[in-house]
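Chemist: Below are the structure tokens for one structure; questions will follow.
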Amino acid sequence: MAWLERFGAGRGGSETSNVPLAKMLANHSIEVMPRTAAKIDDFRALLPAGTRIYIAHIEGTPIDDMVATARRLRDDGFAVMPHVPARAIRDAAELEEWLGRYRDEAGVEEALLLAGGMMRPAGNLHSSIDMLKTGLFDRLGFRRLHVAGHPEGNVDIDPDGSSAEADKALLWKQAYSERTDAEMAIVTQFAFDAKPVIAWAERLRGAGVTMPIHVGVAGPAKLQTLIKYAVACGVGPSLKVLQRRALDVSRLMLPYEPDEVVTALAAYGVASPDSLIERIHIFPLGGIKAAAGWARERRDAIQPALAG
């Protein structure tokens, strides 16, 4: 209960105010790279059965490694969602080959669609919209599709610092979600402050987006590690949270944990039951064992409050 009291969860006179927090923790997703997965003897000892595990497709990773990792995790009882980066794929024929292998060899029917970080596309697929336009995900029976969201902007999409192109792309995907049988959701880049994420989510809802949002948070890690990743990934205003922490000598040497941003998102869920924000997605920047341990400890702390 100390953790709940420290971050204000459960305030408001009723333990039901913990429900959004409990759902975020119980239904979180996490991601792993094939080379990292190979170092884990048994994911079942780390994560609850059925956890959705994204498999990050880093440039240069062979599709054979991606499929083998997906098959292993599916066999262990997890929901598996591989990244499918458009710019790493030559054309629709190769996309069909990849999707067919995920489905037939690994039993995977979920995918996170990304443009990908490659400066030079491998072929004529440049974006997640290009991939969706092929119709292959529907034709091959992919029942869940997630797309990327950028609450703090993305200079690769909007070099002028606006959100015009990113917004336009999400509205196109919203329209697509209304004509496909696949369940769709938005998963965001990691953030360290709930405020810009909430403002972005409210703006999307006002524009007509109804796809649920899974907010990216960074798992426990050293402050220096997080700042490095945040700068490399273009994290915007919420980077100030880390910068302020770096100036606090009493907290400088302590590992960062995402308690504050997660409880703030949960509090927003209490105040706004119609929020698009549904759950969290953990980026294990300090290691998957640390991230899984953090989530497990928080889940264990919240469950007695809900039960009693």
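Chain labels follow the order of the structure tokens: the first chain is A, the next B, and so on; residue numbering restarts at 1 in every chain, and ligands are counted from 1 in their shown order.
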Counting only C-alpha atoms, what is within 7 Å of range 279-287 of chain A, bar same-chain residues fewer than 3 positions away, as a PyMOL selection string?
Modeler: chain A and resi 23-24+27-31+214-222+290-291
Chemist: Which of range 32-256 of chain A counts as helix (DSSP H, G or I) under DSSP, as JSON, numbers by chain please?
Modeler: {"A": [34, 35, 36, 37, 43, 44, 45, 63, 64, 65, 66, 67, 68, 69, 70, 71, 72, 73, 74, 75, 86, 87, 88, 92, 93, 94, 95, 96, 97, 98, 99, 100, 101, 102, 103, 104, 105, 106, 128, 129, 130, 131, 132, 133, 136, 137, 138, 139, 164, 165, 166, 167, 168, 169, 170, 171, 172, 173, 174, 175, 176, 177, 194, 195, 196, 197, 198, 199, 200, 201, 202, 203, 204, 205, 206, 207, 223, 224, 225, 226, 227, 228, 229, 230, 231, 232, 233, 239, 240, 241, 242, 243, 244, 245, 246, 247, 249, 250, 251, 252]}
Chemist: Skip Ser272 in chain A itself and residues of its chain fewer than 5 positions away, then list as number ranges by chain all residues within 12 Å of it, counting only C-alpha atoms.
Modeler: A: 17, 20, 198, 201-202, 265-267, 277-278
Chemist: Out of A:Lys168, A:Arg90, A:Arg120, A:Arg35, which residue has the shortest atom-to-atom distance to Thr69 in chain A when counting only C-alpha atoms?
Modeler: A:Arg35
Chemist: Measuring atom to atom with only C-alpha atoms, identify which of A:Leu170, A:Leu113, A:Ala37, A:Val84 is nearest to Ala207 in chain A.
Modeler: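 Nearest to Ala207 in chain A: A:Leu170.
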Chemist: Neighbouring residues of Asn154 in chain A were defined as those with any atom within 12 Å, considering only C-alpha atoms; residues of the same chain fewer than 2 positions away were excluded. Please report them as a count of residues only.
Modeler: 25
Chemist: If we count only C-alpha atoms and set the cut-off at 8 Å, which residues sit around Pro34 in chain A, ignoring sequence neighbours fewer than 2 positions away in its own chain? Please answer as a list of chain:residue names.
Modeler: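 Returned residues: A:Val32, A:Thr36, A:Ala37, A:Ala38, A:Ile55, A:Ala56, A:Asp65, A:Met66, A:Thr69.
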Chemist: Based on the selection just made, write C-alpha atoms of those residues as a CSV table (one decimal), in the first residue's frame.
Modeler:
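Saved file result_29.csv follows:
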chain,number,residue,atom,x,y,z
A,32,VAL,CA,11.7,-7.6,-26.8
A,36,THR,CA,17.4,-10.3,-26.1
A,37,ALA,CA,14.8,-13.0,-26.1
A,38,ALA,CA,17.6,-15.6,-26.8
A,55,ILE,CA,9.0,-8.3,-31.1
A,56,ALA,CA,11.0,-5.3,-32.2
A,65,ASP,CA,15.1,-14.8,-36.3
A,66,MET,CA,11.9,-12.8,-36.1
A,69,THR,CA,11.2,-15.8,-31.7
Chemist: Write down as a PyMOL selection string the residues of range 128-303 of chain A whose backbone DSSP state falls under strand (DSSP E).
Modeler: chain A and resi 144-149+183-190+213-218+277-283
Chemist: Mind giving me the straight-line distance from CA of Arg101 in chain A to CA of Met118 in chain A in Å, one decimal?
Modeler: 22.7 Å
Chemist: Between CA of Arg203 in chain A and CA of Tyr176 in chain A, what is the distance in Å, rounded to a tenth?
Modeler: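 About the pair CA of Arg203 in chain A and CA of Tyr176 in chain A: they are 19.3 Å apart.
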Chemist: Could you pull the residues within 6 Å of range 129-146 of chain A, counting only C-alpha atoms, minus those fewer than 3 positions along the same chain, as a list in words?
Modeler: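 Non-adjacent residues within range: Glu109, Glu110, Ala111, Leu112, Leu125, Ala182, Glu183, Met184, Ala185 and Ile186 of chain A.
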Chemist: Rounded to one decimal place, report the CA of Ala191 in chain A-CA of Pro258 in chain A distance in Å.
Modeler: 9.3 Å
Chemist: Looking at only C-alpha atoms, which of A:Ala264, A:Ala92, A:Met81, A:Ala86 is the one that sits closest to Val67 in chain A?
Modeler: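 For Val67 in chain A, the nearest of the candidates is A:Met81.
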